[in-house]
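Asker: My structure is stored as coords-v5.cif, with mmCIF, C-alpha atoms and all ligand atoms.
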```
data_coords
#
loop_
_atom_site.label_atom_id
_atom_site.label_comp_id
_atom_site.auth_asym_id
_atom_site.auth_seq_id
_atom_site.Cartn_x
_atom_site.Cartn_y
_atom_site.Cartn_z
CA MET A 27 10.84 -29.37 -154.82
CA LYS A 28 12.95 -32.36 -155.91
CA LEU A 29 11.54 -34.65 -158.59
CA LEU A 30 12.73 -38.07 -159.72
CA LEU A 31 11.70 -38.89 -163.29
CA LEU A 32 11.86 -42.51 -164.51
CA GLY A 33 11.67 -43.45 -168.20
CA LYS A 34 13.07 -40.10 -169.29
CA ASN A 35 13.48 -41.01 -172.96
CA GLY A 36 10.04 -42.40 -173.79
CA GLN A 37 7.37 -40.32 -175.57
CA LEU A 38 6.05 -39.02 -172.27
CA GLY A 39 9.34 -39.05 -170.38
CA TRP A 40 10.92 -36.75 -172.93
CA GLU A 41 8.10 -34.22 -172.61
CA LEU A 42 8.16 -34.53 -168.81
CA GLN A 43 11.83 -33.53 -168.77
CA ARG A 44 10.65 -30.21 -170.23
CA ALA A 45 7.41 -29.78 -168.32
CA LEU A 46 8.76 -30.68 -164.86
CA SER A 47 11.83 -28.45 -165.07
CA PRO A 48 10.13 -25.26 -163.75
CA LEU A 49 8.95 -27.15 -160.64
CA GLY A 50 12.39 -27.69 -159.13
CA GLU A 51 15.39 -29.98 -159.39
CA VAL A 52 14.69 -32.91 -161.72
CA VAL A 53 16.78 -36.09 -161.50
CA ALA A 54 15.98 -37.89 -164.76
CA LEU A 55 16.80 -41.59 -165.12
CA ASP A 56 16.50 -44.29 -167.71
CA ARG A 57 17.43 -47.95 -167.61
CA HIS A 58 21.10 -47.11 -168.26
CA ASN A 59 21.78 -44.76 -165.32
CA GLY A 60 20.16 -46.44 -162.32
CA GLY A 61 16.53 -46.30 -163.38
CA ASP A 62 16.07 -49.88 -164.64
CA LEU A 63 12.67 -51.12 -163.48
CA ALA A 64 13.88 -54.67 -164.04
CA ASN A 65 16.65 -54.17 -161.46
CA THR A 66 14.69 -53.27 -158.37
CA ALA A 67 17.64 -53.25 -155.96
CA ALA A 68 19.44 -50.63 -158.03
CA LEU A 69 16.16 -48.76 -158.65
CA LEU A 70 15.32 -48.49 -154.95
CA ALA A 71 18.90 -47.45 -154.18
CA ALA A 72 18.53 -44.66 -156.76
CA VAL A 73 15.24 -43.53 -155.19
CA ARG A 74 16.76 -43.48 -151.70
CA ALA A 75 19.83 -41.61 -152.93
CA ALA A 76 17.67 -38.98 -154.64
CA ALA A 77 15.20 -38.70 -151.71
CA PRO A 78 12.69 -36.89 -153.94
CA ASP A 79 9.50 -35.07 -152.99
CA VAL A 80 7.85 -36.41 -156.14
CA ILE A 81 8.49 -39.59 -158.16
CA VAL A 82 7.18 -39.47 -161.74
CA ASN A 83 7.16 -42.88 -163.40
CA ALA A 84 6.93 -42.66 -167.19
CA ALA A 85 8.70 -45.99 -167.73
CA ALA A 86 6.59 -48.93 -168.87
CA TYR A 87 6.54 -52.10 -170.94
CA THR A 88 4.43 -50.73 -173.82
CA ALA A 89 4.92 -53.38 -176.53
CA VAL A 90 1.32 -54.61 -176.40
CA ASP A 91 1.64 -57.65 -178.68
CA LYS A 92 5.11 -58.68 -177.46
CA ALA A 93 3.86 -58.67 -173.86
CA GLU A 94 1.62 -61.66 -174.66
CA SER A 95 4.71 -63.88 -174.92
CA ASP A 96 6.88 -61.92 -172.47
CA ALA A 97 4.48 -61.67 -169.54
CA ASP A 98 7.08 -61.95 -166.76
CA ALA A 99 9.02 -58.96 -168.03
CA ALA A 100 5.82 -56.95 -168.58
CA ARG A 101 4.65 -57.75 -165.04
CA GLN A 102 8.00 -56.81 -163.51
CA ILE A 103 8.07 -53.41 -165.25
CA ASN A 104 4.36 -52.53 -165.23
CA ALA A 105 3.30 -53.97 -161.87
CA THR A 106 6.07 -55.15 -159.51
CA ALA A 107 8.39 -52.17 -159.90
CA PRO A 108 5.60 -49.54 -159.60
CA GLY A 109 4.40 -51.33 -156.45
CA LEU A 110 7.90 -51.12 -154.93
CA LEU A 111 8.21 -47.47 -155.99
CA ALA A 112 4.91 -46.82 -154.22
CA GLU A 113 6.14 -48.44 -151.00
CA GLU A 114 9.28 -46.34 -151.19
CA ALA A 115 7.23 -43.20 -151.87
CA ALA A 116 5.11 -43.98 -148.80
CA LYS A 117 8.26 -44.28 -146.65
CA LEU A 118 9.67 -41.02 -148.04
CA GLY A 119 6.35 -39.17 -147.85
CA ALA A 120 6.73 -38.50 -151.59
CA LEU A 121 3.96 -38.08 -154.16
CA LEU A 122 4.05 -40.82 -156.85
CA VAL A 123 2.81 -39.89 -160.33
CA HIS A 124 2.11 -42.89 -162.55
CA TYR A 125 0.45 -43.50 -165.93
CA SER A 126 -2.01 -46.16 -167.00
CA THR A 127 -4.14 -47.03 -169.96
CA ASP A 128 -7.55 -47.49 -171.57
CA TYR A 129 -6.43 -51.14 -172.02
CA VAL A 130 -7.39 -51.85 -168.37
CA PHE A 131 -10.99 -52.00 -169.67
CA ASP A 132 -12.65 -54.65 -171.81
CA GLY A 133 -14.06 -52.05 -174.19
CA SER A 134 -17.65 -53.24 -174.12
CA GLY A 135 -20.47 -50.81 -174.87
CA ASP A 136 -20.23 -47.41 -176.50
CA GLN A 137 -20.16 -45.00 -173.56
CA ALA A 138 -17.15 -43.21 -172.06
CA ARG A 139 -15.98 -44.88 -168.84
CA ASN A 140 -15.23 -42.95 -165.67
CA GLU A 141 -12.64 -43.84 -163.04
CA ASP A 142 -15.07 -46.02 -161.08
CA ALA A 143 -15.99 -48.26 -164.02
CA SER A 144 -15.13 -51.96 -163.64
CA THR A 145 -11.81 -52.98 -165.08
CA ALA A 146 -11.41 -56.17 -167.13
CA PRO A 147 -8.25 -56.11 -169.23
CA LEU A 148 -8.11 -58.23 -172.39
CA SER A 149 -4.32 -58.41 -172.69
CA VAL A 150 -1.17 -59.05 -170.68
CA TYR A 151 -0.22 -55.40 -171.14
CA GLY A 152 -3.61 -54.28 -169.79
CA SER A 153 -3.62 -56.68 -166.85
CA THR A 154 -0.05 -55.80 -165.82
CA LYS A 155 -0.87 -52.09 -166.03
CA LEU A 156 -3.93 -52.69 -163.86
CA ALA A 157 -1.85 -54.66 -161.34
CA GLY A 158 0.53 -51.68 -161.18
CA GLU A 159 -2.35 -49.32 -160.44
CA GLU A 160 -3.68 -51.63 -157.74
CA ALA A 161 -0.29 -51.99 -156.07
CA ILE A 162 0.06 -48.20 -155.93
CA ARG A 163 -3.42 -47.71 -154.47
CA ALA A 164 -2.81 -50.49 -151.91
CA SER A 165 0.52 -48.98 -150.76
CA GLY A 166 -1.16 -46.00 -149.15
CA CYS A 167 1.30 -43.55 -150.75
CA ALA A 168 0.15 -40.15 -152.00
CA HIS A 169 -0.38 -40.69 -155.71
CA LEU A 170 -1.75 -39.51 -159.01
CA ILE A 171 -2.54 -42.24 -161.55
CA LEU A 172 -3.40 -40.83 -164.97
CA ARG A 173 -5.12 -43.28 -167.32
CA THR A 174 -4.67 -42.10 -170.88
CA SER A 175 -5.04 -43.49 -174.41
CA TRP A 176 -3.39 -43.73 -177.83
CA VAL A 177 -0.38 -41.57 -176.89
CA PHE A 178 1.59 -39.80 -179.63
CA ALA A 179 4.57 -37.45 -179.65
CA ALA A 180 7.00 -35.96 -182.13
CA ARG A 181 9.75 -37.99 -180.49
CA GLY A 182 9.32 -41.75 -180.11
CA GLY A 183 7.28 -44.43 -181.81
CA ASN A 184 3.49 -44.32 -182.22
CA PHE A 185 0.60 -45.27 -184.51
CA ALA A 186 0.62 -41.96 -186.45
CA LYS A 187 4.28 -42.38 -187.36
CA THR A 188 3.69 -46.01 -188.36
CA MET A 189 0.90 -44.86 -190.70
CA LEU A 190 3.13 -42.17 -192.28
CA ARG A 191 5.81 -44.78 -192.92
CA LEU A 192 3.41 -47.36 -194.35
CA ALA A 193 1.65 -44.72 -196.49
CA ALA A 194 4.97 -43.91 -198.15
CA GLU A 195 5.74 -47.60 -198.80
CA ARG A 196 2.43 -49.24 -199.74
CA GLU A 197 -0.38 -48.74 -202.24
CA GLN A 198 -3.01 -50.11 -199.87
CA LEU A 199 -3.52 -49.99 -196.12
CA LYS A 200 -6.10 -51.88 -194.08
CA VAL A 201 -6.89 -50.22 -190.78
CA ILE A 202 -9.27 -51.19 -187.99
CA ALA A 203 -12.37 -48.99 -187.94
CA ASP A 204 -14.29 -50.45 -184.98
CA GLN A 205 -11.87 -49.60 -182.16
CA ILE A 206 -12.76 -46.12 -180.90
CA GLY A 207 -10.64 -43.84 -178.71
CA ALA A 208 -8.86 -40.50 -178.44
CA PRO A 209 -5.23 -39.94 -179.52
CA THR A 210 -3.57 -37.98 -176.71
CA GLY A 211 -0.40 -35.91 -176.96
CA ALA A 212 2.50 -36.63 -174.61
CA ASP A 213 3.27 -32.90 -174.53
CA LEU A 214 -0.13 -32.03 -173.07
CA LEU A 215 -0.03 -35.00 -170.69
CA ALA A 216 3.30 -33.75 -169.39
CA ASP A 217 1.99 -30.21 -168.92
CA LEU A 218 -1.12 -31.58 -167.24
CA SER A 219 1.07 -33.65 -164.91
CA ALA A 220 3.06 -30.57 -163.86
CA HIS A 221 -0.14 -28.66 -163.04
CA MET A 222 -1.54 -31.61 -161.13
CA ILE A 223 1.65 -32.08 -159.10
CA VAL A 224 1.64 -28.45 -157.98
CA ALA A 225 -2.07 -28.56 -157.10
CA THR A 226 -1.87 -31.92 -155.29
CA ARG A 227 1.15 -30.89 -153.23
CA ALA A 228 -0.88 -27.89 -152.05
CA ARG A 229 -4.04 -29.95 -151.53
CA PRO A 230 -3.26 -33.66 -150.97
CA ALA A 231 -6.96 -34.60 -151.07
CA LEU A 232 -6.76 -34.12 -154.86
CA GLY A 233 -4.67 -37.30 -155.18
CA GLY A 234 -6.17 -40.39 -156.80
CA THR A 235 -6.91 -41.97 -160.17
CA TYR A 236 -7.86 -39.78 -163.14
CA HIS A 237 -8.80 -40.27 -166.77
CA ALA A 238 -6.76 -37.91 -168.92
CA ALA A 239 -7.38 -38.17 -172.66
CA ALA A 240 -7.91 -35.65 -175.45
CA ALA A 241 -11.45 -34.53 -176.23
CA GLY A 242 -13.42 -36.12 -179.06
CA GLU A 243 -13.12 -39.62 -180.46
CA THR A 244 -12.01 -41.42 -183.58
CA SER A 245 -11.21 -44.88 -184.91
CA TRP A 246 -7.72 -46.05 -185.81
CA HIS A 247 -8.90 -45.92 -189.45
CA ALA A 248 -10.15 -42.32 -189.29
CA TYR A 249 -7.00 -41.37 -187.36
CA ALA A 250 -4.85 -42.94 -190.10
CA GLN A 251 -6.84 -41.10 -192.78
CA HIS A 252 -6.40 -37.82 -190.93
CA VAL A 253 -2.64 -38.27 -190.60
CA ILE A 254 -2.09 -39.41 -194.19
CA GLU A 255 -4.27 -36.69 -195.75
CA PHE A 256 -2.47 -34.08 -193.65
CA ALA A 257 0.85 -35.37 -195.00
CA ARG A 258 -0.45 -35.43 -198.59
CA ALA A 259 -1.70 -31.84 -198.29
CA ARG A 260 1.75 -30.83 -197.05
CA GLY A 261 3.38 -32.32 -200.16
CA THR A 262 4.95 -35.25 -198.30
CA ALA A 263 5.55 -38.40 -200.41
CA VAL A 264 2.44 -40.59 -200.01
CA LYS A 265 1.99 -43.72 -202.15
CA VAL A 266 -1.41 -44.86 -200.94
CA ALA A 267 -4.46 -43.28 -202.64
CA PRO A 268 -7.19 -42.02 -200.26
CA GLU A 269 -9.63 -44.75 -201.36
CA GLN A 270 -7.00 -47.40 -200.70
CA ILE A 271 -6.97 -46.71 -196.94
CA LEU A 272 -9.48 -49.45 -196.26
CA PRO A 273 -11.59 -49.66 -193.07
CA ILE A 274 -11.66 -53.18 -191.63
CA PRO A 275 -13.21 -54.79 -188.55
CA THR A 276 -10.99 -55.98 -185.69
CA THR A 277 -11.78 -59.56 -186.71
CA ASP A 278 -9.90 -58.99 -190.00
CA TYR A 279 -6.69 -57.92 -188.24
CA PRO A 280 -5.60 -60.73 -185.93
CA THR A 281 -2.99 -59.74 -183.34
CA PRO A 282 -1.47 -61.61 -180.38
CA ALA A 283 -3.09 -59.17 -177.92
CA ARG A 284 -6.82 -58.42 -177.86
CA ARG A 285 -7.59 -54.70 -177.79
CA PRO A 286 -10.74 -52.96 -176.50
CA LEU A 287 -13.32 -51.80 -179.04
CA ASN A 288 -14.44 -48.91 -176.83
CA SER A 289 -11.52 -46.91 -175.42
CA ARG A 290 -13.57 -43.78 -174.62
CA LEU A 291 -12.46 -42.24 -171.28
CA ASP A 292 -14.69 -39.83 -169.35
CA THR A 293 -12.50 -36.95 -168.14
CA ALA A 294 -15.14 -35.12 -166.06
CA LYS A 295 -13.31 -35.83 -162.77
CA LEU A 296 -10.15 -34.14 -164.06
CA ALA A 297 -12.17 -31.08 -165.08
CA ARG A 298 -14.11 -31.04 -161.82
CA ASN A 299 -11.17 -31.43 -159.42
CA PHE A 300 -8.41 -29.59 -161.28
CA GLY A 301 -10.28 -27.33 -163.74
CA LEU A 302 -8.19 -28.92 -166.51
CA ARG A 303 -9.36 -30.39 -169.80
CA LEU A 304 -7.46 -31.50 -172.88
CA PRO A 305 -8.41 -30.03 -176.28
CA PRO A 306 -9.78 -32.07 -179.23
CA TRP A 307 -7.37 -34.78 -180.38
CA GLN A 308 -6.93 -33.21 -183.84
CA GLN A 309 -5.27 -30.13 -182.33
CA GLY A 310 -2.39 -32.08 -180.83
CA VAL A 311 -2.05 -34.47 -183.77
CA ASP A 312 -1.83 -31.57 -186.26
CA ARG A 313 0.75 -29.86 -184.06
CA MET A 314 2.87 -33.01 -184.02
CA LEU A 315 2.48 -33.46 -187.79
CA ASN A 316 3.56 -29.87 -188.40
CA GLU A 317 6.61 -30.55 -186.29
CA ILE A 318 7.69 -33.84 -187.86
CA LEU A 319 6.78 -33.31 -191.53
N1 LIG B 1 1.99 -45.25 -175.76
C1 LIG B 1 0.67 -45.26 -175.58
O1 LIG B 1 -0.10 -45.27 -176.53
C2 LIG B 1 0.09 -45.21 -174.21
C3 LIG B 1 0.89 -45.21 -173.08
N2 LIG B 1 0.32 -45.22 -171.84
C4 LIG B 1 1.17 -45.22 -170.66
O2 LIG B 1 1.86 -43.97 -170.62
C5 LIG B 1 3.16 -44.15 -170.08
C6 LIG B 1 4.20 -43.58 -171.03
O3 LIG B 1 4.10 -44.27 -172.27
P1 LIG B 1 4.97 -43.81 -173.53
O4 LIG B 1 5.85 -42.68 -173.18
O5 LIG B 1 4.03 -43.66 -174.67
O6 LIG B 1 5.83 -45.12 -173.75
P2 LIG B 1 7.16 -45.34 -174.54
O7 LIG B 1 7.13 -46.75 -175.02
O8 LIG B 1 7.39 -44.23 -175.50
O9 LIG B 1 8.25 -45.19 -173.40
C7 LIG B 1 8.38 -46.14 -172.39
C8 LIG B 1 9.70 -45.91 -171.73
O10 LIG B 1 9.85 -46.91 -170.72
C9 LIG B 1 11.16 -47.32 -170.77
N3 LIG B 1 11.37 -48.65 -170.20
C10 LIG B 1 10.96 -49.85 -170.66
N4 LIG B 1 11.45 -50.82 -169.87
C11 LIG B 1 12.18 -50.22 -168.91
C12 LIG B 1 12.94 -50.67 -167.82
N5 LIG B 1 13.09 -51.97 -167.55
N6 LIG B 1 13.55 -49.77 -167.04
C13 LIG B 1 13.47 -48.46 -167.30
N7 LIG B 1 12.78 -47.96 -168.33
C14 LIG B 1 12.15 -48.83 -169.12
C15 LIG B 1 11.55 -47.32 -172.23
O11 LIG B 1 12.94 -47.29 -172.32
P3 LIG B 1 13.71 -48.01 -173.53
O12 LIG B 1 13.48 -47.12 -174.70
O13 LIG B 1 15.10 -48.06 -173.04
O14 LIG B 1 13.07 -49.35 -173.68
C16 LIG B 1 10.90 -46.03 -172.67
O15 LIG B 1 11.76 -44.94 -172.50
C17 LIG B 1 3.27 -45.65 -169.78
O16 LIG B 1 2.93 -45.88 -168.46
C18 LIG B 1 2.24 -46.29 -170.69
O17 LIG B 1 1.77 -47.52 -170.18
C19 LIG B 1 -1.03 -45.19 -171.65
C20 LIG B 1 -1.86 -45.19 -172.72
C21 LIG B 1 -1.38 -45.15 -174.09
C1 LIG B 2 -0.04 -51.14 -188.23
C2 LIG B 2 -1.55 -51.35 -188.23
C3 LIG B 2 -2.25 -51.41 -187.03
N1 LIG B 2 -3.59 -51.59 -187.05
C4 LIG B 2 -4.33 -51.61 -185.78
C5 LIG B 2 -3.86 -52.60 -184.73
C6 LIG B 2 -4.36 -51.96 -183.45
O1 LIG B 2 -5.68 -52.36 -183.20
C7 LIG B 2 -4.34 -50.48 -183.76
C8 LIG B 2 -3.20 -49.73 -183.10
O2 LIG B 2 -2.03 -50.44 -183.30
P1 LIG B 2 -0.70 -50.15 -182.52
O3 LIG B 2 -0.01 -51.45 -182.36
O4 LIG B 2 0.01 -49.01 -183.14
O5 LIG B 2 -1.22 -49.60 -181.15
P2 LIG B 2 -1.19 -50.23 -179.71
O6 LIG B 2 0.19 -50.62 -179.38
O7 LIG B 2 -2.27 -51.19 -179.48
O8 LIG B 2 -1.54 -48.88 -178.94
C9 LIG B 2 -1.78 -48.94 -177.60
O9 LIG B 2 -0.53 -48.79 -176.94
C10 LIG B 2 -0.63 -48.97 -175.55
C11 LIG B 2 0.75 -48.74 -174.98
C12 LIG B 2 -1.74 -48.22 -174.93
O10 LIG B 2 -1.74 -48.02 -173.72
C13 LIG B 2 -2.98 -47.94 -175.72
O11 LIG B 2 -3.65 -46.76 -175.29
C14 LIG B 2 -2.72 -47.84 -177.20
O12 LIG B 2 -2.16 -46.60 -177.59
O13 LIG B 2 -4.22 -50.35 -185.17
C15 LIG B 2 -4.28 -51.74 -188.24
O14 LIG B 2 -5.51 -51.90 -188.25
N2 LIG B 2 -3.59 -51.67 -189.43
C16 LIG B 2 -2.25 -51.51 -189.48
O15 LIG B 2 -1.63 -51.47 -190.58
#
```
Could I get this file's structure written as structure tokens?
Answerer:
Amino acid sequence: MKLLLLGKNGQLGWELQRALSPLGEVVALDRHNGGDLANTAALLAAVRAAAPDVIVNAAAYTAVDKAESDADAARQINATAPGLLAEEAAKLGALLVHYSTDYVFDGSGDQARNEDASTAPLSVYGSTKLAGEEAIRASGCAHLILRTSWVFAARGGNFAKTMLRLAAEREQLKVIADQIGAPTGADLLADLSAHMIVATRARPALGGTYHAAAAGETSWHAYAQHVIEFARARGTAVKVAPEQILPIPTTDYPTPARRPLNSRLDTAKLARNFGLRLPPWQQGVDRMLNEIL
């Protein structure tokens, strides 16, 4: 099997380089060696040259707040380029694996959403990610779209690492406590992707859109507390006292992009179709913290 990986140096791309390697030959690209999603002519030339059996797209415009004032770039990378990749995959007969987000939903209510729930993104990032999904589904190519949430990894930037940095610098932190979701490890997402590729190549009917997030739920505030207390217990320099990690409502933390309050994703379809489920979020977060601290 030949696999083309795009976005090889992101949180997920880095883990995919490892997880995909037992499946066959992996051609791994980033924006500097032919895999620039903003340069579609060069991108499509790279796809045709590689002629892969599977295209795995881990590249995305993930700067949620910046996207609000940079919508054209976000749309090009999150929607237009994935749509073109999908058309190319259809021509090649390749399977396209793509990643999306809890931010395609408006976050109303307090129940976990399944794959059929109505989408209603609140942000440019969310709406461009949704447009990417829709372009892939419309292309008719064989695909797996994995919607995940709150991704973290030892390598790359993420909320947990931001909290560790701020906890070492500040005596007080204010963190949103009314946005609820599940932090999900890029390492497990990559492993899951490899399993799903093998299974879907054997049984194409498995293709489609899946929710893939860690089990359990938390708020950004409780997640921050977990990360900072783990670091404190490990003897890492932490300036903020536990009672100075203050829970605040979303309304007290204005940001350019609106974010959903309810990011819970129902992963029953993944368990039903593939027999795969991700463990509780704390397991992966603690593993990452052990690695980076
Ligand atoms: N991070 C999260 O919390 C979540 C992510 N997702 C989705 O998961 C996927 C992986 O995200 P994650 O690994 O966390 O994201 P990262 O931000 O860690 O990585 C994104 C990668 O995309 C690359 N990229 C950006 N623009 C381009 C471009 N024009 N051409 C080629 N590559 C480009 C970046 O490269 P460079 O470093 O050069 O800019 C980077 O390597 C994405 O589809 C994302 O939408 C879903 C839910 C949550
Ligand atoms: C730094 C900071 C953030 N926050 C809040 C803002 C926001 O609501 C929440 C998370 O902030 P971040 O900017 O780190 O996370 P954000 O970039 O919104 O994370 C999202 O990224 C994209 C790519 C996704 O697809 C989503 O699943 C999600 O992971 O924490 C605080 O409350 N206090 C703080 O000090």
Asker: Within 12 Å of region 195-219 of chain A, which residues of region 127-189 of chain A come that close, and what is the closest atom pair and distance in Å for each? Count only C-alpha atoms and give it as JSON lines.
Answerer:
```
{"residue": "A:Thr127", "atom": "CA", "partner": "A:Thr210", "partner_atom": "CA", "distance": 11.3}
{"residue": "A:Asp128", "atom": "CA", "partner": "A:Gly207", "partner_atom": "CA", "distance": 8.6}
{"residue": "A:Tyr129", "atom": "CA", "partner": "A:Gly207", "partner_atom": "CA", "distance": 10.8}
{"residue": "A:Asp132", "atom": "CA", "partner": "A:Gln205", "partner_atom": "CA", "distance": 11.5}
{"residue": "A:Gly133", "atom": "CA", "partner": "A:Gln205", "partner_atom": "CA", "distance": 8.6}
{"residue": "A:Ser134", "atom": "CA", "partner": "A:Gln205", "partner_atom": "CA", "distance": 10.5}
{"residue": "A:Gly135", "atom": "CA", "partner": "A:Ile206", "partner_atom": "CA", "distance": 10.9}
{"residue": "A:Asp136", "atom": "CA", "partner": "A:Ile206", "partner_atom": "CA", "distance": 8.8}
{"residue": "A:Gln137", "atom": "CA", "partner": "A:Ile206", "partner_atom": "CA", "distance": 10.5}
{"residue": "A:Ala138", "atom": "CA", "partner": "A:Gly207", "partner_atom": "CA", "distance": 9.3}
{"residue": "A:Arg139", "atom": "CA", "partner": "A:Gly207", "partner_atom": "CA", "distance": 11.3}
{"residue": "A:His169", "atom": "CA", "partner": "A:Ser219", "partner_atom": "CA", "distance": 11.7}
{"residue": "A:Leu170", "atom": "CA", "partner": "A:Ser219", "partner_atom": "CA", "distance": 8.8}
{"residue": "A:Ile171", "atom": "CA", "partner": "A:Ser219", "partner_atom": "CA", "distance": 9.9}
{"residue": "A:Leu172", "atom": "CA", "partner": "A:Ser219", "partner_atom": "CA", "distance": 8.5}
{"residue": "A:Arg173", "atom": "CA", "partner": "A:Leu215", "partner_atom": "CA", "distance": 10.3}
{"residue": "A:Thr174", "atom": "CA", "partner": "A:Thr210", "partner_atom": "CA", "distance": 7.2}
{"residue": "A:Ser175", "atom": "CA", "partner": "A:Thr210", "partner_atom": "CA", "distance": 6.1}
{"residue": "A:Trp176", "atom": "CA", "partner": "A:Pro209", "partner_atom": "CA", "distance": 4.5}
{"residue": "A:Val177", "atom": "CA", "partner": "A:Thr210", "partner_atom": "CA", "distance": 4.8}
{"residue": "A:Phe178", "atom": "CA", "partner": "A:Gly211", "partner_atom": "CA", "distance": 5.1}
{"residue": "A:Ala179", "atom": "CA", "partner": "A:Ala212", "partner_atom": "CA", "distance": 5.5}
{"residue": "A:Ala180", "atom": "CA", "partner": "A:Ala212", "partner_atom": "CA", "distance": 8.8}
{"residue": "A:Arg181", "atom": "CA", "partner": "A:Ala212", "partner_atom": "CA", "distance": 9.4}
{"residue": "A:Gly182", "atom": "CA", "partner": "A:Ala212", "partner_atom": "CA", "distance": 10.1}
{"residue": "A:Gly183", "atom": "CA", "partner": "A:Ala212", "partner_atom": "CA", "distance": 11.6}
{"residue": "A:Asn184", "atom": "CA", "partner": "A:Pro209", "partner_atom": "CA", "distance": 10.1}
{"residue": "A:Phe185", "atom": "CA", "partner": "A:Pro209", "partner_atom": "CA", "distance": 9.3}
{"residue": "A:Ala186", "atom": "CA", "partner": "A:Pro209", "partner_atom": "CA", "distance": 9.3}
{"residue": "A:Thr188", "atom": "CA", "partner": "A:Glu195", "partner_atom": "CA", "distance": 10.8}
{"residue": "A:Met189", "atom": "CA", "partner": "A:Leu199", "partner_atom": "CA", "distance": 8.7}
```
Asker: Near Glu94 (chain A), within 8 Å and counting all atoms listed in the file, which residues show up once chain neighbours fewer than 3 positions away are dropped, as a ChimeraX atom specification?
Answerer: /A:90-91,97,149-151,282-283
Asker: Could you please determine the separation between CA of Thr88 (chain A) and CA of Val253 (chain A) in Å, to one decimal place?
Answerer: 22.1 Å
Asker: Write out as a Markdown table the residues of chain A that have any atom within 6 Å of an atom of ligand LIG 1 (chain B), one row each with the nearest atom pair and its distance in Å to one decimal, counting only C-alpha atoms and all ligand atoms, sorted by chain and then rising number.
Answerer:
```
| residue | atom | partner | partner_atom | distance |
| --- | --- | --- | --- | --- |
| A:Gly33 | CA | B:LIG1 | O15 | 4.6 |
| A:Lys34 | CA | B:LIG1 | O15 | 6.0 |
| A:Asn35 | CA | B:LIG1 | O15 | 4.3 |
| A:Gly36 | CA | B:LIG1 | O15 | 3.3 |
| A:Gln37 | CA | B:LIG1 | O4 | 3.7 |
| A:Leu38 | CA | B:LIG1 | O4 | 3.8 |
| A:Gly39 | CA | B:LIG1 | O4 | 5.8 |
| A:Asp56 | CA | B:LIG1 | C13 | 5.2 |
| A:Arg57 | CA | B:LIG1 | C13 | 4.0 |
| A:Gly61 | CA | B:LIG1 | C13 | 5.4 |
| A:Asp62 | CA | B:LIG1 | N6 | 3.5 |
| A:Leu63 | CA | B:LIG1 | N6 | 3.9 |
| A:Ala64 | CA | B:LIG1 | N5 | 4.5 |
| A:Ala84 | CA | B:LIG1 | C6 | 4.8 |
| A:Ala85 | CA | B:LIG1 | O10 | 3.3 |
| A:Ala86 | CA | B:LIG1 | O10 | 4.3 |
| A:Tyr87 | CA | B:LIG1 | C10 | 5.0 |
| A:Thr88 | CA | B:LIG1 | O7 | 5.0 |
| A:Ile103 | CA | B:LIG1 | N5 | 5.7 |
| A:Tyr125 | CA | B:LIG1 | O16 | 4.3 |
| A:Ser126 | CA | B:LIG1 | C19 | 4.9 |
| A:Thr127 | CA | B:LIG1 | C19 | 4.0 |
| A:Thr174 | CA | B:LIG1 | C20 | 4.6 |
| A:Ser175 | CA | B:LIG1 | C20 | 4.0 |
| A:Trp176 | CA | B:LIG1 | O1 | 3.9 |
| A:Val177 | CA | B:LIG1 | O1 | 3.7 |
| A:Gly182 | CA | B:LIG1 | O8 | 5.6 |
```
Asker: Measure the distance from CA of Ala168 (chain A) to CA of Leu156 (chain A) in Å and round it to one decimal.
Answerer: 17.7 Å
Asker: What does the structure give for the distance between CA of Leu304 (chain A) and CA of His221 (chain A), in Å to one decimal?
Answerer: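 A separation of 12.6 Å between them.
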